[in-house]
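Colleague: Quick one: the structure is below, and I'll ask about it shortly.
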Amino acid sequence: MPAPRCRTAPWQPKVKGSLVEMTDEPLARIRENDPSGLLDDVLAMGDHLRDALWRISSAGLEEREAPMALVCGVGGSGVGGDLAAAAYGDRLTKPLIPVRGYEIPSWAPVDSLVCCSSYSGETEETLACYAAAEALGAPRIAATTGGALAEAARADGVPVIGLPGILQPRAAVAYMFAVAAEAARLAGCAPGLHAEIDSAAAHLHARREIIAARSLEIAERIGDATPIIYGSDLTDPIAYRWKCQVNENALRQCFKSSLPEADHNEIAGWGGDGGFAAVMLLDSDQHPRERERFELTGEIISATEGSPAVINSESEGETRTARMFEAVMLGDLVSLQLAARAGIDPTPVEAIDELKARLGRK
Ligand code: PA5
């Protein structure tokens, strides 16, 4: 049986802590509390995007026209599917569906392209989807650093996009995004994002200092409040990414909400209980009425009892992918700033590890 097609990439995150020369003052406090160098991995997101493109093209994947692409994965390995679908937006001509769970949806056609993404290769939900896709007879690809997923793929002759093995799964977001975008291209759901991903990488490098300064500002404004991150269209999955990064890096609660939906329910819940801050993720592609809603929703929230902080954030960038990754990097840095404010090492996620151990998985 063919081995997974993983080769050595031109870019290798060899020595943690030395990848990025840190001179950015706004990030100094993060570095003091970050013994494992998670900050470097966030700042290397642009390099990760380019490395992902290289790894994808080295994996020898074949185009395979399919009625849809399903991207199976959870947590840090699941967000790539949502982000890729949002980055494509209305350029998608067929569905690109993230699957977070144990089963392939009952309505999925048997010839759907199933992409199984698990950083560790040991995540039971993703392994179950891999097996379910086999039972369905669906064509599969996998993206992982190794584990049971790589082993099964090797045995089954399923192509593997090999990922670098020294990151936290959530720090591999650029890889998971590029893999999901590629799955959509292979299935004929969209034209492919290679050029856009490459220019997003350059955009991140150029904007790094601005993003760093903004992250400190936003974290200071959030302070001790529990953030609720509002997104819409392109920024909807980004809001979810912010939430998850605050949960895992700063070890505190954070919630995600969507506009316009929140204007029909959640907005009524503001006021009285205090302790929350709203972060509004704006984007130039949002519907003009959605942008109006962001403004009015913010005004109504800040006028409630306790005058909660309402923080507007809008990324720059020519393409959806560039603006998306600017906002993703910003959210990641905000979460690290919140961790640093509390003197928390952002890397360990003991609750997740304990739960997996108790379920009998790595
Ligand atoms: O951030 C994390 O560590 C988690 O959200 C993991 O990504 C999640 O538990 C799934 O594991 P894996 O990414 O290895 O499939």
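Labels for the structure tokens follow display order: chains A, B, ..., residues from 1 in each chain, ligands from 1.
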Using only C-alpha atoms, determine which residues lie at most 8 Å from region 221-237 of chain A, disregarding the query and same-chain residues fewer than 3 positions distant; provide the list as a count of residues only.
Modeller: 38
Colleague: Would you pick out the contacts of Ala174 (chain A) at 6 Å or less, using only C-alpha atoms, so that residues sharing its chain but fewer than 2 positions from it are not included, and give the list as a ChimeraX atom specification?
Modeller: /A:48-49,172,176-177
Colleague: Collect all residues with atoms no farther than 6 Å from ligand 1, counting only C-alpha atoms and all ligand atoms, and output them as number ranges by chain.
Modeller: A: 74-77, 118-121, 123, 169-170
Colleague: Write the residues of the selection above to a file with C-alpha atoms, as a PDB file, in the first residue's frame.
Modeller:
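Okay, this is what ended up in again_38.pdb:
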ATOM      1  CA  VAL A  74     -13.521  19.182  15.509  1.00  0.00           C
ATOM      2  CA  GLY A  75     -12.025  21.933  17.644  1.00  0.00           C
ATOM      3  CA  GLY A  76      -8.856  23.435  16.224  1.00  0.00           C
ATOM      4  CA  SER A  77      -9.068  20.977  13.340  1.00  0.00           C
ATOM      5  CA  SER A 118      -7.267  15.876  12.676  1.00  0.00           C
ATOM      6  CA  TYR A 119      -4.065  17.466  13.868  1.00  0.00           C
ATOM      7  CA  SER A 120      -3.203  14.573  16.187  1.00  0.00           C
ATOM      8  CA  GLY A 121      -4.808  11.928  14.002  1.00  0.00           C
ATOM      9  CA  THR A 123      -9.612  12.306  17.456  1.00  0.00           C
ATOM     10  CA  PRO A 169      -3.761  21.833  17.113  1.00  0.00           C
ATOM     11  CA  ARG A 170      -5.405  25.253  17.364  1.00  0.00           C
TER      12      ARG A 170
END
Colleague: Go through A:Val114, A:Ala200, A:Ile344, A:Cys72 one by one, measure the shortest atom-to-atom distance of each to Arg100 (chain A) using only C-alpha atoms, and give the residue with the smallest value.
Modeller: A:Cys72
Colleague: Among region 158-239 of chain A, which residues does DSSP mark as strand (DSSP E or B) when it is run on the backbone? Keep the chain and numbering as in the structure and answer as an NGL selection string.
Modeller: :A and (160-162 or 226-231)
Colleague: Give me the residues near Ala268 (chain A) as a PyMOL selection string, where near means some atom within 12 Å (using only C-alpha atoms) and where sequence neighbours in that chain fewer than 6 positions away do not count.
Modeller: chain A and resi 261-262+297+300-301+304
Colleague: Counting only C-alpha atoms, what is within 10 Å of Pro35 (chain A), bar same-chain residues fewer than 2 positions away, as a PDB file with N, CA and C atoms, in the first residue's frame?
Modeller:
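To be explicit, this is the file written out as result.pdb:
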ATOM      1  N   LYS A  16      11.554  26.431  18.387  1.00  0.00           N
ATOM      2  CA  LYS A  16      10.486  27.256  18.928  1.00  0.00           C
ATOM      3  C   LYS A  16      11.096  28.480  19.583  1.00  0.00           C
ATOM      4  N   GLY A  17      10.454  29.624  19.420  1.00  0.00           N
ATOM      5  CA  GLY A  17      10.930  30.835  20.071  1.00  0.00           C
ATOM      6  C   GLY A  17      11.877  31.639  19.202  1.00  0.00           C
ATOM      7  N   ILE A  30       2.829  39.258  26.582  1.00  0.00           N
ATOM      8  CA  ILE A  30       2.499  37.881  26.188  1.00  0.00           C
ATOM      9  C   ILE A  30       3.755  37.020  26.299  1.00  0.00           C
ATOM     10  N   ARG A  31       4.858  37.559  25.777  1.00  0.00           N
ATOM     11  CA  ARG A  31       6.090  36.751  25.758  1.00  0.00           C
ATOM     12  C   ARG A  31       6.529  36.356  27.165  1.00  0.00           C
ATOM     13  N   GLU A  32       6.282  37.242  28.124  1.00  0.00           N
ATOM     14  CA  GLU A  32       6.693  36.936  29.510  1.00  0.00           C
ATOM     15  C   GLU A  32       5.960  35.725  30.081  1.00  0.00           C
ATOM     16  N   ASN A  33       4.783  35.432  29.543  1.00  0.00           N
ATOM     17  CA  ASN A  33       3.947  34.359  30.107  1.00  0.00           C
ATOM     18  C   ASN A  33       3.761  33.199  29.150  1.00  0.00           C
ATOM     19  N   GLY A  37       6.001  29.270  23.635  1.00  0.00           N
ATOM     20  CA  GLY A  37       6.121  30.010  22.375  1.00  0.00           C
ATOM     21  C   GLY A  37       4.890  29.949  21.492  1.00  0.00           C
ATOM     22  N   LEU A  38       3.694  29.925  22.101  1.00  0.00           N
ATOM     23  CA  LEU A  38       2.473  29.933  21.287  1.00  0.00           C
ATOM     24  C   LEU A  38       2.378  31.229  20.465  1.00  0.00           C
ATOM     25  N   LEU A  39       2.894  32.320  21.039  1.00  0.00           N
ATOM     26  CA  LEU A  39       2.894  33.595  20.322  1.00  0.00           C
ATOM     27  C   LEU A  39       3.624  33.473  18.978  1.00  0.00           C
ATOM     28  N   ASP A 345      -0.302  30.850  31.415  1.00  0.00           N
ATOM     29  CA  ASP A 345       0.420  30.231  30.299  1.00  0.00           C
ATOM     30  C   ASP A 345      -0.645  29.772  29.297  1.00  0.00           C
ATOM     31  N   PRO A 346      -0.625  30.290  28.057  1.00  0.00           N
ATOM     32  CA  PRO A 346      -1.741  30.019  27.144  1.00  0.00           C
ATOM     33  C   PRO A 346      -1.733  28.620  26.512  1.00  0.00           C
ATOM     34  N   THR A 347      -0.681  27.857  26.707  1.00  0.00           N
ATOM     35  CA  THR A 347      -0.596  26.578  25.983  1.00  0.00           C
ATOM     36  C   THR A 347      -1.403  25.433  26.599  1.00  0.00           C
TER      37      THR A 347
END
Colleague: Find the spatial neighbours of Ala195 (chain A), counting only C-alpha atoms, within a cut-off of 12 Å - ignore same-chain residues fewer than 2 positions away - and output them as an NGL selection string.
Modeller: :A and (49-50 or 53 or 178 or 191-193 or 197-202 or 319 or 321-322)
Colleague: Out of region 77-280 of chain A, which residues get alpha helix (DSSP H) from DSSP, as a ChimeraX atom specification?
Modeller: /A:79-88,124-136,147-156,173-186,194-222,236-250
